[in-house]
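Colleague: The structure's right below; bear with me while I get my questions together.
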Amino acid sequence: MSYSVVVLASGTGSLAQALIEAAQRGATGPASLAALGVDRPCPALDMAKTAGLATFAVYPADFPSRADWDQGLAKAVAVFQPDLVVSAGFMRVLGPAFLERFGDRTINTHPALLPNFPGAHAVRDALAAGVTTTGCTAHQVDAGVDTGPIIAQRAVPIEKGDTEATLHERIKVQERLMLIEVVAGLACGTIRLPGR
Ligand code: GAR
């Protein structure tokens with residue numbers, strides 16, 4: 001039985017790339033990537049095209065309102081009839097139309113140990129707070145910002161001399177592994193999302 005995954009990204013797409021490679025070597029169980037969608041021109045789009053993945057772009061500027069963009073995104077994702085949607089570095093909050101359609105099957109990965117440091121600057125915020133450990137979290141998406149039910153977490157110690165860039169890179173090493181594990185678990189049924 002196949003299990004189809006759509007990934008949403010806004011940045012370099014290294015998490016999405018890790019998922020593509022994991023699926024190719026059979027590390028995600030029956031899960032395979034159907035498409036990658038972006039909300040802005042970004043390296044993730046080129047990466048996905050190079051990998052031979054279907055892509056779609058849903059830019060807010062092409063829609064009269066945020067609600068229209070949200071519906072446009074839901075429509076673009078629906079084309080692929082995904083079993084799972086993964087927000088992997090997608091830097092935009094998913095709206096009501098999207099969540100009504102896909103909220104029961106959408107997860108997000110975040111570079112902090114939620115509920116600590118939600119939002120767009122999680123790594124910077126953890127450094128500024130002076131904590132000694134941060135990490136990453138996979139969670140189901142709800143209407144809040146990084147607030148849905150937590151599925152998995154990995155801790156990453158903060159090292160002396162860490163900058164936002166060095167720390168984020170170390171977090172992403174764990175984040176890629178966590179994401180592969182979570183997608184495989186969901187596809188195999190060993191992890192279940194609340195409400196499914
Ligand atoms: C990841 O660390 C992801 O958690 C973060 O963006 C990075 C994407 O990396 N997302 C957020 O901060 C969302 N709040 P990538 O572009 O290399 O895949």
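The way I read the labels, and the way they are meant: chains A, B, ... in the order of the structure tokens, residue 1 as the first residue of every chain, and ligand 1 as the first ligand shown, with later ones counted on from there.
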Using only C-alpha atoms and all ligand atoms, which residues have at least one atom no more than 9 Å from ligand 1? Output them as JSON, numbers by chain.
Modeller: {"A": [9, 10, 11, 12, 13, 14, 15, 16, 17, 18, 42, 43, 44, 87, 88, 89, 90, 91, 92, 93, 108, 109, 110, 111, 112, 118, 119, 120, 121, 122, 123, 136, 137, 138, 145, 146, 168, 169, 171, 172, 175, 176]}
Colleague: Which residues, written as number ranges by chain, have at least one atom at most 12 Å from region 182-186 of chain A, with only C-alpha atoms counted and residues fewer than 5 positions away on the same chain left out?
Modeller: A: 2-7, 15-16, 18-20, 22-23, 26-33, 83-88, 105-109, 137-140, 150-154, 175-177, 191-194, 196
Colleague: Applying 12 Å and only C-alpha atoms, which residues near Asp68 (chain A) remain after dropping the ones on its own chain fewer than 2 positions away? List them as a PyMOL selection string.
Modeller: chain A and resi 58-66+70-75+94-98
Colleague: Based on the backbone DSSP call, show me all residues of chain A assigned helix (DSSP H, G or I), as an NGL selection string.
Modeller: :A and (14-24 or 43-50 or 60-62 or 66-78 or 96-105 or 122-129 or 164-188)
Colleague: Between CA of Thr55 (chain A) and CA of Ala78 (chain A), what distance in Å does the model show, to one decimal?
Modeller: 13.0 Å
Colleague: Enumerate as a list in words all residues of region 86-118 of chain A assigned to strand (DSSP E or B) by DSSP on the backbone, naming them with the chain letters and numbers the document uses.
Modeller: Val86, Ser87, Ala88, Thr106, Ile107, Asn108, Thr109 and His110 of chain A
Colleague: Which residues, written as a count of residues only, have at least one atom at most 10 Å from Leu45 (chain A), with only C-alpha atoms counted and residues fewer than 4 positions away on the same chain left out?
Modeller: 20
Colleague: With only C-alpha atoms as the atoms that count, which of A:Leu113, A:Lys160, A:Gly135, A:Gly195 lies nearest to Val173 (chain A)?
Modeller: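 Ranked by minimum distance to Val173 (chain A), first place goes to A:Gly135.
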Colleague: Just to confirm, what's the straight-line distance from CA of Leu99 (chain A) to CA of Thr190 (chain A) in Å (one decimal)?
Modeller: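 Interatomic distance here is 23.4 Å.
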